$ cat data-v6.pdb   # PDB, C-alpha atoms
ATOM      1  CA  MET A  13     -10.109   3.579   2.880
ATOM      2  CA  LEU A  14     -12.308   5.796   0.758
ATOM      3  CA  THR A  15     -13.110   9.414   1.514
ATOM      4  CA  ARG A  16     -16.747  10.473   1.364
ATOM      5  CA  ASN A  17     -16.099  11.504  -2.274
ATOM      6  CA  GLY A  18     -14.622   8.118  -3.245
ATOM      7  CA  TYR A  19     -10.892   8.856  -3.298
ATOM      8  CA  ALA A  20      -8.562   6.221  -1.837
ATOM      9  CA  VAL A  21      -6.387   7.295   1.088
ATOM     10  CA  VAL A  22      -3.732   5.511   3.136
ATOM     11  CA  VAL A  23      -4.696   5.492   6.803
ATOM     12  CA  ASP A  24      -2.460   3.140   8.795
ATOM     13  CA  PHE A  25       0.753   4.821   9.850
ATOM     14  CA  GLY A  26       0.992   3.065  13.201
ATOM     15  CA  LEU A  27       4.549   1.984  12.400
ATOM     16  CA  ALA A  28       5.595   4.944  10.259
ATOM     17  CA  LYS A  29       8.971   6.541  10.747
ATOM     18  CA  GLU A  30      10.262   9.681   9.092
ATOM     19  CA  ILE A  31      13.849   9.425   7.868
ATOM     20  CA  LEU A  32      15.218  12.859   7.073
ATOM     21  CA  ASN A  33      18.785  11.901   6.153
ATOM     22  CA  GLY A  34      20.663   8.651   6.044
ATOM     23  CA  GLN A  35      19.219   5.345   7.070
ATOM     24  CA  SER A  36      17.207   3.639   9.762
ATOM     25  CA  TYR A  37      17.856   0.282  11.378
ATOM     26  CA  THR A  38      14.393  -0.132  12.923
ATOM     27  CA  PHE A  39      12.995  -3.635  12.504
ATOM     28  CA  CYS A  40       9.222  -3.354  12.382
ATOM     29  CA  GLY A  41       6.390  -3.962   9.967
ATOM     30  CA  THR A  42       4.093  -6.579   8.519
ATOM     31  CA  PRO A  43       6.181  -9.647   7.547
ATOM     32  CA  ASP A  44       4.727  -9.848   4.010
ATOM     33  CA  TYR A  45       5.856  -6.251   3.371
ATOM     34  CA  LEU A  46       9.375  -6.272   4.857
ATOM     35  CA  ALA A  47      12.077  -5.344   2.358
ATOM     36  CA  PRO A  48      15.296  -7.392   2.236
ATOM     37  CA  GLU A  49      17.349  -4.574   3.757
ATOM     38  CA  ILE A  50      15.084  -4.560   6.815
ATOM     39  CA  ILE A  51      15.371  -8.335   7.220
ATOM     40  CA  ARG A  52      19.162  -8.211   6.776
ATOM     41  CA  ARG A  53      19.353  -5.196   9.141
ATOM     42  CA  THR A  54      21.795  -3.435   6.826
ATOM     43  CA  GLY A  55      20.025  -0.078   7.066
ATOM     44  CA  HIS A  56      17.190   1.226   4.963
ATOM     45  CA  ASP A  57      15.779   4.463   3.628
ATOM     46  CA  TRP A  58      12.713   5.476   1.586
ATOM     47  CA  ALA A  59      13.392   2.669  -0.912
ATOM     48  CA  VAL A  60      11.387   0.401   1.426
ATOM     49  CA  ASP A  61       8.291   2.394   0.439
ATOM     50  CA  TYR A  62       8.809   1.414  -3.206
ATOM     51  CA  TRP A  63       9.281  -2.205  -2.142
ATOM     52  CA  CYS A  64       5.946  -2.002  -0.290
ATOM     53  CA  LEU A  65       4.302  -0.515  -3.389
ATOM     54  CA  GLY A  66       5.431  -3.565  -5.362
ATOM     55  CA  ILE A  67       4.061  -5.931  -2.708
ATOM     56  CA  PHE A  68       0.807  -3.956  -2.567
ATOM     57  CA  LEU A  69       0.316  -4.028  -6.362
ATOM     58  CA  PHE A  70       0.949  -7.783  -6.445
ATOM     59  CA  GLU A  71      -1.408  -8.448  -3.544
ATOM     60  CA  LEU A  72      -4.077  -6.082  -4.861
ATOM     61  CA  THR A  73      -4.149  -7.786  -8.262
ATOM     62  CA  HIS A  74      -3.522 -11.387  -7.160
ATOM     63  CA  GLY A  75      -5.157 -11.544  -3.725
ATOM     64  CA  ILE A  76      -2.085 -12.757  -1.866
ATOM     65  CA  ALA A  77       1.379 -11.300  -1.248
ATOM     66  CA  PRO A  78       4.181 -12.585  -3.518
ATOM     67  CA  PHE A  79       6.283 -13.981  -0.651
ATOM     68  CA  HIS A  80       3.396 -15.288   1.449
ATOM     69  CA  ALA A  81       4.176 -18.280   3.668
ATOM     70  CA  ALA A  82       2.869 -19.983   6.800
ATOM     71  CA  ASN A  83       5.146 -18.074   9.172
ATOM     72  CA  ALA A  84       7.353 -14.985   9.320
ATOM     73  CA  SER A  85      10.673 -16.854   9.048
ATOM     74  CA  ARG A  86       9.587 -18.559   5.816
ATOM     75  CA  ILE A  87       8.406 -15.224   4.433
ATOM     76  CA  GLY A  88      11.815 -13.756   5.280
ATOM     77  CA  ARG A  89      13.646 -16.541   3.457
ATOM     78  CA  LYS A  90      11.476 -16.037   0.374
ATOM     79  CA  VAL A  91      12.036 -12.267   0.430
ATOM     80  CA  LEU A  92      15.798 -12.793   0.591
ATOM     81  CA  GLN A  93      15.616 -15.176  -2.394
ATOM     82  CA  GLY A  94      13.876 -12.441  -4.371
ATOM     83  CA  ILE A  95      11.172 -11.882  -6.935
ATOM     84  CA  ASP A  96      12.978 -14.046  -9.510
ATOM     85  CA  TYR A  97      11.712 -17.069  -7.563
ATOM     86  CA  VAL A  98       8.080 -15.887  -7.626
ATOM     87  CA  ARG A  99       5.885 -17.017 -10.487
ATOM     88  CA  MET A 100       3.969 -14.057 -11.864
ATOM     89  CA  PRO A 101       0.317 -14.930 -12.508
ATOM     90  CA  SER A 102      -0.401 -15.482 -16.203
ATOM     91  CA  TYR A 103      -3.148 -12.872 -16.175
ATOM     92  CA  PHE A 104      -0.723 -10.089 -15.160
ATOM     93  CA  SER A 105       0.031  -7.843 -18.114
ATOM     94  CA  SER A 106       3.675  -7.623 -19.133
ATOM     95  CA  GLY A 107       3.625  -3.998 -17.932
ATOM     96  CA  LEU A 108       2.356  -4.936 -14.475
ATOM     97  CA  SER A 109       4.851  -7.808 -14.165
ATOM     98  CA  ASP A 110       7.679  -5.478 -15.188
ATOM     99  CA  LEU A 111       6.612  -2.750 -12.741
ATOM    100  CA  ILE A 112       6.338  -5.181  -9.828
ATOM    101  CA  SER A 113       9.646  -6.865 -10.713
ATOM    102  CA  ASN A 114      11.426  -3.506 -10.791
ATOM    103  CA  LEU A 115       9.888  -2.381  -7.509
ATOM    104  CA  LEU A 116      10.886  -5.660  -5.841
ATOM    105  CA  VAL A 117      14.589  -5.473  -6.684
ATOM    106  CA  ARG A 118      16.587  -6.794  -3.718
ATOM    107  CA  ASP A 119      19.319  -4.129  -4.020
ATOM    108  CA  GLN A 120      17.632  -0.977  -2.723
ATOM    109  CA  SER A 121      19.996   1.309  -4.678
ATOM    110  CA  LYS A 122      18.734  -0.248  -7.948
ATOM    111  CA  ARG A 123      15.047  -0.360  -7.036
ATOM    112  CA  LEU A 124      12.656   1.537  -9.290
ATOM    113  CA  GLY A 125      11.950   4.912  -7.692
ATOM    114  CA  ARG A 126      15.251   4.926  -5.782
ATOM    115  CA  THR A 127      17.427   5.445  -8.864
ATOM    116  CA  PHE A 128      18.481   8.743 -10.483
ATOM    117  CA  ASN A 129      15.054   9.860 -11.741
ATOM    118  CA  GLY A 130      13.314   8.936  -8.491
ATOM    119  CA  ILE A 131       9.525   8.779  -8.447
ATOM    120  CA  ARG A 132       9.411   9.976 -12.081
ATOM    121  CA  ASP A 133      10.601   6.510 -13.149
ATOM    122  CA  ILE A 134       7.550   4.977 -11.492
ATOM    123  CA  LYS A 135       5.120   7.588 -12.813
ATOM    124  CA  ASN A 136       6.551   7.194 -16.327
ATOM    125  CA  HIS A 137       6.464   3.394 -16.281
ATOM    126  CA  ARG A 138       4.508   1.901 -19.169
ATOM    127  CA  TRP A 139       1.956   0.332 -16.813
ATOM    128  CA  PHE A 140       0.808   3.852 -15.907
ATOM    129  CA  ALA A 141       0.657   4.966 -19.571
ATOM    130  CA  GLY A 142      -2.239   7.339 -20.048
ATOM    131  CA  TYR A 143      -2.761   7.964 -16.338
ATOM    132  CA  ASP A 144      -3.496  11.637 -15.641
ATOM    133  CA  TRP A 145      -1.079  12.335 -12.774
ATOM    134  CA  ASN A 146      -1.737  16.083 -13.036
ATOM    135  CA  GLY A 147      -5.468  15.490 -12.753
ATOM    136  CA  LEU A 148      -5.040  13.766  -9.421
ATOM    137  CA  LYS A 149      -3.886  16.817  -7.416
ATOM    138  CA  GLU A 150      -3.786  15.339  -3.935
ATOM    139  CA  PRO A 151      -7.172  13.651  -3.527
ATOM    140  CA  GLY A 152      -8.387  13.712   0.029
ATOM    141  CA  LEU A 153      -6.875  17.123   0.568
ATOM    142  CA  ASN A 154      -8.076  19.093  -2.466
ATOM    143  CA  GLU A 155     -10.682  16.787  -3.965
ATOM    144  CA  GLU A 156     -12.534  19.681  -5.541
ATOM    145  CA  GLU A 157      -9.435  20.394  -7.684
ATOM    146  CA  SER A 158      -9.138  16.851  -9.034
ATOM    147  CA  SER A 159     -10.292  16.192 -12.577
ATOM    148  CA  ILE A 160     -10.275  12.422 -11.968
ATOM    149  CA  VAL A 161     -13.694  11.104 -11.011
ATOM    150  CA  PRO A 162     -13.621   8.109  -8.626
ATOM    151  CA  PRO A 163     -15.601   5.072  -9.815
ATOM    152  CA  ILE A 164     -17.361   4.706  -6.433
ATOM    153  CA  LYS A 165     -18.838   7.340  -4.147
ATOM    154  CA  PRO A 166     -19.738   5.711  -0.838
ATOM    155  CA  SER A 167     -23.192   6.275   0.598
ATOM    156  CA  LEU A 168     -22.621   7.680   4.070
ATOM    157  CA  PRO A 169     -25.077   9.059   6.601
ATOM    158  CA  ALA A 170     -24.925  12.785   7.430
ATOM    159  CA  ASP A 171     -23.718  11.871  10.920
ATOM    160  CA  ILE A 172     -20.883   9.416  10.232
ATOM    161  CA  LYS A 173     -20.620   8.648  13.956
ATOM    162  CA  SER A 174     -23.946   6.809  13.729
ATOM    163  CA  LEU A 175     -22.328   4.044  11.637
ATOM    164  CA  GLY A 176     -22.382   0.759  13.518
ATOM    165  CA  LYS A 177     -24.844   2.005  16.134
ATOM    166  CA  GLY A 178     -27.899   0.395  14.570
ATOM    167  CA  LYS A 179     -29.313  -3.044  15.204
ATOM    168  CA  PRO A 180     -26.631  -5.712  14.603
ATOM    169  CA  ALA A 181     -26.996  -8.013  11.629
ATOM    170  CA  GLU A 182     -28.764 -11.297  12.283
ATOM    171  CA  GLY A 183     -26.402 -13.935  13.637
ATOM    172  CA  PHE A 184     -24.134 -11.368  15.254
ATOM    173  CA  SER A 185     -23.167 -12.073  18.830
ATOM    174  CA  ASP A 186     -25.069 -10.111  21.469
ATOM    175  CA  SER A 187     -21.934 -10.073  23.600
ATOM    176  CA  VAL A 188     -20.065  -7.523  21.444
ATOM    177  CA  PRO A 189     -19.103  -4.724  23.840
ATOM    178  CA  GLU A 190     -20.031  -1.100  23.199
ATOM    179  CA  SER A 191     -17.205   1.195  22.181
ATOM    180  CA  ASP A 192     -16.746   4.914  22.631
ATOM    181  CA  TRP A 193     -13.870   5.050  20.124
ATOM    182  CA  TRP A 194     -14.630   6.826  16.863
ATOM    183  CA  PRO A 195     -12.048   7.572  14.196
ATOM    184  CA  ALA A 196     -12.103  11.056  12.683
ATOM    185  CA  LEU A 197     -13.579   9.773   9.406
ATOM    186  CA  ASP A 198     -15.658  12.898   8.950
ATOM    187  CA  GLU A 199     -12.408  14.856   8.434
ATOM    188  CA  LEU A 200     -11.437  12.841   5.348
TER     189      LEU A 200
END
$ encode --input "data-v6.pdb" --output "structure tokens"
Amino acid sequence: MLTRNGYAVVVDFGLAKEILNGQSYTFCGTPDYLAPEIIRRTGHDWAVDYWCLGIFLFELTHGIAPFHAANASRIGRKVLQGIDYVRMPSYFSSGLSDLISNLLVRDQSKRLGRTFNGIRDIKNHRWFAGYDWNGLKEPGLNEEESSIVPPIKPSLPADIKSLGKGKPAEGFSDSVPESDWWPALDEL
């Protein structure tokens, strides 16, 4: 989602789990984003987040997840085969292909971001060359401190709770029920 100032924020932590030390054996998540260690049930740690980043980058730039299939069991088989069996789109830069390939390493201990230098290896990857990490400064929390200007600033009404309360678009069903649920979007 975008904040009212145009910064991207992650909002869906419905299946989030904090792992302070060690590993988790919880099997949950979107099939396209499950890391091999979750599918194998061998225990996982924060390295699954780097796996998901690789899936997200692929899907964001290609429009479909790298291991996409008709059902969850086929997705699982493809994930266990690994990224070496996925054809990178020809329009991916060599830097993007390399970043995704290193984030989607099947062995979590060798996955980019999980190795000795941690997140610095991701931030220093050539695909991010020239990106002003210091200028970012936690958008969404301290947007006024960020020197990076978002390319889009959404046009929102003063009262964000009025969104969706107007006349429905033509062709919309009249049987859509009213809802009293409103996310706290005005706090973003």
$ atom_distance --input "data-v6.pdb" --atom1 "CA of Arg53 (chain A)" --atom2 "CA of Val23 (chain A)"
26.4 Å
$ resolve_selection --input "data-v6.pdb" --expression "the PyMOL selection byres ((chain A and resi 40-49) around 6)" --output "PyMOL selection string"
chain A and resi 39+50-54+56+60+64+84+92
$ closest_residue --input "data-v6.pdb" --among "A:Pro166, A:Gly34, A:Gly147, A:Gly18" --to "Trp58 (chain A)" --atoms "only C-alpha atoms"
A:Gly34
$ atom_distance --input "data-v6.pdb" --atom1 "CA of Gly107 (chain A)" --atom2 "CA of Arg89 (chain A)"
26.7 Å
$ atom_distance --input "data-v6.pdb" --atom1 "CA of Leu72 (chain A)" --atom2 "CA of Leu108 (chain A)"
11.6 Å
$ decode --input "data-v6.pdb" --residues "region 32-172 of chain A" --atoms "C-alpha atoms" --output "PDB file, in the first residue's frame"
ATOM      1  CA  LEU A  32      13.764 -14.507  18.580  1.00  0.00           C
ATOM      2  CA  ASN A  33      16.262 -17.377  18.664  1.00  0.00           C
ATOM      3  CA  GLY A  34      16.547 -20.637  16.821  1.00  0.00           C
ATOM      4  CA  GLN A  35      14.035 -21.875  14.327  1.00  0.00           C
ATOM      5  CA  SER A  36      10.339 -22.315  13.734  1.00  0.00           C
ATOM      6  CA  TYR A  37       8.555 -25.318  12.283  1.00  0.00           C
ATOM      7  CA  THR A  38       5.264 -23.544  11.528  1.00  0.00           C
ATOM      8  CA  PHE A  39       3.845 -24.446   8.127  1.00  0.00           C
ATOM      9  CA  CYS A  40       1.852 -21.473   6.893  1.00  0.00           C
ATOM     10  CA  GLY A  41       1.935 -18.940   4.100  1.00  0.00           C
ATOM     11  CA  THR A  42       1.036 -18.313   0.492  1.00  0.00           C
ATOM     12  CA  PRO A  43       2.157 -21.327  -1.598  1.00  0.00           C
ATOM     13  CA  ASP A  44       4.009 -19.187  -4.178  1.00  0.00           C
ATOM     14  CA  TYR A  45       6.119 -17.676  -1.371  1.00  0.00           C
ATOM     15  CA  LEU A  46       6.979 -20.770   0.698  1.00  0.00           C
ATOM     16  CA  ALA A  47      10.712 -21.360   1.054  1.00  0.00           C
ATOM     17  CA  PRO A  48      12.099 -24.889   0.609  1.00  0.00           C
ATOM     18  CA  GLU A  49      12.856 -25.243   4.320  1.00  0.00           C
ATOM     19  CA  ILE A  50       9.195 -24.605   5.140  1.00  0.00           C
ATOM     20  CA  ILE A  51       8.030 -27.181   2.590  1.00  0.00           C
ATOM     21  CA  ARG A  52      10.578 -29.738   3.834  1.00  0.00           C
ATOM     22  CA  ARG A  53       9.670 -28.895   7.465  1.00  0.00           C
ATOM     23  CA  THR A  54      13.335 -28.866   8.459  1.00  0.00           C
ATOM     24  CA  GLY A  55      13.039 -25.666  10.493  1.00  0.00           C
ATOM     25  CA  HIS A  56      13.394 -22.110   9.321  1.00  0.00           C
ATOM     26  CA  ASP A  57      14.491 -18.713  10.552  1.00  0.00           C
ATOM     27  CA  TRP A  58      14.588 -15.178   9.106  1.00  0.00           C
ATOM     28  CA  ALA A  59      16.154 -16.491   5.881  1.00  0.00           C
ATOM     29  CA  VAL A  60      12.585 -17.148   4.673  1.00  0.00           C
ATOM     30  CA  ASP A  61      12.112 -13.368   4.527  1.00  0.00           C
ATOM     31  CA  TYR A  62      14.966 -13.098   2.019  1.00  0.00           C
ATOM     32  CA  TRP A  63      13.438 -15.938   0.008  1.00  0.00           C
ATOM     33  CA  CYS A  64      10.149 -13.998  -0.067  1.00  0.00           C
ATOM     34  CA  LEU A  65      12.007 -10.869  -1.197  1.00  0.00           C
ATOM     35  CA  GLY A  66      13.359 -12.833  -4.162  1.00  0.00           C
ATOM     36  CA  ILE A  67       9.882 -14.120  -5.041  1.00  0.00           C
ATOM     37  CA  PHE A  68       8.441 -10.615  -4.655  1.00  0.00           C
ATOM     38  CA  LEU A  69      11.077  -9.018  -6.923  1.00  0.00           C
ATOM     39  CA  PHE A  70      10.493 -11.671  -9.592  1.00  0.00           C
ATOM     40  CA  GLU A  71       6.718 -11.313  -9.407  1.00  0.00           C
ATOM     41  CA  LEU A  72       6.846  -7.516  -9.290  1.00  0.00           C
ATOM     42  CA  THR A  73       8.978  -7.322 -12.434  1.00  0.00           C
ATOM     43  CA  HIS A  74       7.514 -10.279 -14.355  1.00  0.00           C
ATOM     44  CA  GLY A  75       3.876 -10.332 -13.232  1.00  0.00           C
ATOM     45  CA  ILE A  76       3.870 -13.927 -12.034  1.00  0.00           C
ATOM     46  CA  ALA A  77       5.769 -15.815  -9.326  1.00  0.00           C
ATOM     47  CA  PRO A  78       8.785 -17.864 -10.494  1.00  0.00           C
ATOM     48  CA  PHE A  79       7.395 -21.195  -9.251  1.00  0.00           C
ATOM     49  CA  HIS A  80       3.763 -20.558 -10.177  1.00  0.00           C
ATOM     50  CA  ALA A  81       1.686 -23.646 -10.979  1.00  0.00           C
ATOM     51  CA  ALA A  82      -1.946 -24.749 -11.075  1.00  0.00           C
ATOM     52  CA  ASN A  83      -1.963 -26.092  -7.518  1.00  0.00           C
ATOM     53  CA  ALA A  84       0.019 -25.936  -4.280  1.00  0.00           C
ATOM     54  CA  SER A  85       1.628 -29.382  -4.633  1.00  0.00           C
ATOM     55  CA  ARG A  86       3.049 -28.502  -8.059  1.00  0.00           C
ATOM     56  CA  ILE A  87       4.340 -25.201  -6.695  1.00  0.00           C
ATOM     57  CA  GLY A  88       6.034 -27.120  -3.876  1.00  0.00           C
ATOM     58  CA  ARG A  89       7.744 -29.492  -6.302  1.00  0.00           C
ATOM     59  CA  LYS A  90       9.022 -26.563  -8.365  1.00  0.00           C
ATOM     60  CA  VAL A  91      10.316 -24.767  -5.261  1.00  0.00           C
ATOM     61  CA  LEU A  92      12.204 -27.891  -4.197  1.00  0.00           C
ATOM     62  CA  GLN A  93      13.768 -28.157  -7.677  1.00  0.00           C
ATOM     63  CA  GLY A  94      15.039 -24.600  -7.291  1.00  0.00           C
ATOM     64  CA  ILE A  95      15.625 -21.422  -9.230  1.00  0.00           C
ATOM     65  CA  ASP A  96      18.070 -23.156 -11.595  1.00  0.00           C
ATOM     66  CA  TYR A  97      15.023 -24.668 -13.316  1.00  0.00           C
ATOM     67  CA  VAL A  98      13.310 -21.287 -13.780  1.00  0.00           C
ATOM     68  CA  ARG A  99      13.963 -19.379 -16.976  1.00  0.00           C
ATOM     69  CA  MET A 100      14.728 -15.762 -16.163  1.00  0.00           C
ATOM     70  CA  PRO A 101      12.899 -13.382 -18.510  1.00  0.00           C
ATOM     71  CA  SER A 102      15.199 -11.936 -21.173  1.00  0.00           C
ATOM     72  CA  TYR A 103      14.306  -8.389 -20.178  1.00  0.00           C
ATOM     73  CA  PHE A 104      15.660  -8.867 -16.628  1.00  0.00           C
ATOM     74  CA  SER A 105      18.984  -7.098 -16.226  1.00  0.00           C
ATOM     75  CA  SER A 106      21.919  -9.296 -15.270  1.00  0.00           C
ATOM     76  CA  GLY A 107      21.937  -7.524 -11.887  1.00  0.00           C
ATOM     77  CA  LEU A 108      18.282  -8.314 -11.213  1.00  0.00           C
ATOM     78  CA  SER A 109      18.697 -11.943 -12.319  1.00  0.00           C
ATOM     79  CA  ASP A 110      21.738 -12.296 -10.058  1.00  0.00           C
ATOM     80  CA  LEU A 111      19.967 -10.728  -7.062  1.00  0.00           C
ATOM     81  CA  ILE A 112      16.900 -12.946  -7.451  1.00  0.00           C
ATOM     82  CA  SER A 113      19.027 -16.067  -7.996  1.00  0.00           C
ATOM     83  CA  ASN A 114      21.012 -15.363  -4.831  1.00  0.00           C
ATOM     84  CA  LEU A 115      17.893 -14.678  -2.779  1.00  0.00           C
ATOM     85  CA  LEU A 116      16.291 -17.908  -4.014  1.00  0.00           C
ATOM     86  CA  VAL A 117      19.115 -20.228  -2.969  1.00  0.00           C
ATOM     87  CA  ARG A 118      17.608 -23.474  -1.653  1.00  0.00           C
ATOM     88  CA  ASP A 119      20.125 -23.802   1.213  1.00  0.00           C
ATOM     89  CA  GLN A 120      19.003 -21.141   3.689  1.00  0.00           C
ATOM     90  CA  SER A 121      22.487 -20.866   5.246  1.00  0.00           C
ATOM     91  CA  LYS A 122      23.876 -19.757   1.847  1.00  0.00           C
ATOM     92  CA  ARG A 123      21.027 -17.427   0.901  1.00  0.00           C
ATOM     93  CA  LEU A 124      21.914 -13.793   0.261  1.00  0.00           C
ATOM     94  CA  GLY A 125      21.181 -11.823   3.427  1.00  0.00           C
ATOM     95  CA  ARG A 126      21.598 -14.879   5.669  1.00  0.00           C
ATOM     96  CA  THR A 127      25.370 -15.128   5.210  1.00  0.00           C
ATOM     97  CA  PHE A 128      28.115 -13.408   7.238  1.00  0.00           C
ATOM     98  CA  ASN A 129      27.426  -9.811   6.158  1.00  0.00           C
ATOM     99  CA  GLY A 130      23.664 -10.177   6.559  1.00  0.00           C
ATOM    100  CA  ILE A 131      21.417  -7.507   5.076  1.00  0.00           C
ATOM    101  CA  ARG A 132      24.488  -5.490   3.998  1.00  0.00           C
ATOM    102  CA  ASP A 133      25.063  -8.049   1.224  1.00  0.00           C
ATOM    103  CA  ILE A 134      21.618  -7.276  -0.171  1.00  0.00           C
ATOM    104  CA  LYS A 135      21.952  -3.507   0.218  1.00  0.00           C
ATOM    105  CA  ASN A 136      25.387  -3.604  -1.440  1.00  0.00           C
ATOM    106  CA  HIS A 137      24.277  -5.799  -4.338  1.00  0.00           C
ATOM    107  CA  ARG A 138      24.990  -4.272  -7.739  1.00  0.00           C
ATOM    108  CA  TRP A 139      21.282  -4.121  -8.604  1.00  0.00           C
ATOM    109  CA  PHE A 140      20.871  -1.507  -5.861  1.00  0.00           C
ATOM    110  CA  ALA A 141      23.921   0.497  -7.032  1.00  0.00           C
ATOM    111  CA  GLY A 142      23.270   4.182  -6.542  1.00  0.00           C
ATOM    112  CA  TYR A 143      20.268   3.683  -4.270  1.00  0.00           C
ATOM    113  CA  ASP A 144      20.296   6.155  -1.371  1.00  0.00           C
ATOM    114  CA  TRP A 145      19.649   3.828   1.581  1.00  0.00           C
ATOM    115  CA  ASN A 146      20.484   6.612   4.051  1.00  0.00           C
ATOM    116  CA  GLY A 147      17.969   8.902   2.386  1.00  0.00           C
ATOM    117  CA  LEU A 148      15.170   6.446   3.015  1.00  0.00           C
ATOM    118  CA  LYS A 149      15.101   6.725   6.834  1.00  0.00           C
ATOM    119  CA  GLU A 150      12.066   4.605   7.611  1.00  0.00           C
ATOM    120  CA  PRO A 151       9.355   5.954   5.305  1.00  0.00           C
ATOM    121  CA  GLY A 152       5.923   5.682   6.812  1.00  0.00           C
ATOM    122  CA  LEU A 153       7.291   6.405  10.250  1.00  0.00           C
ATOM    123  CA  ASN A 154       9.482   9.472   9.684  1.00  0.00           C
ATOM    124  CA  GLU A 155       8.528  10.527   6.172  1.00  0.00           C
ATOM    125  CA  GLU A 156       9.467  14.125   6.851  1.00  0.00           C
ATOM    126  CA  GLU A 157      13.093  12.997   7.380  1.00  0.00           C
ATOM    127  CA  SER A 158      13.354  11.142   4.070  1.00  0.00           C
ATOM    128  CA  SER A 159      15.258  12.794   1.248  1.00  0.00           C
ATOM    129  CA  ILE A 160      13.780  10.350  -1.288  1.00  0.00           C
ATOM    130  CA  VAL A 161      10.726  11.757  -3.030  1.00  0.00           C
ATOM    131  CA  PRO A 162       8.115   9.131  -4.004  1.00  0.00           C
ATOM    132  CA  PRO A 163       7.082   9.191  -7.677  1.00  0.00           C
ATOM    133  CA  ILE A 164       3.358   9.124  -6.788  1.00  0.00           C
ATOM    134  CA  LYS A 165       1.451  10.992  -4.100  1.00  0.00           C
ATOM    135  CA  PRO A 166      -2.064   9.573  -3.895  1.00  0.00           C
ATOM    136  CA  SER A 167      -5.003  11.955  -3.962  1.00  0.00           C
ATOM    137  CA  LEU A 168      -6.985  11.195  -0.824  1.00  0.00           C
ATOM    138  CA  PRO A 169      -9.980  12.957   0.683  1.00  0.00           C
ATOM    139  CA  ALA A 170      -9.531  14.765   4.017  1.00  0.00           C
ATOM    140  CA  ASP A 171     -11.787  12.163   5.633  1.00  0.00           C
ATOM    141  CA  ILE A 172     -10.291   8.867   4.435  1.00  0.00           C
TER     142      ILE A 172
END
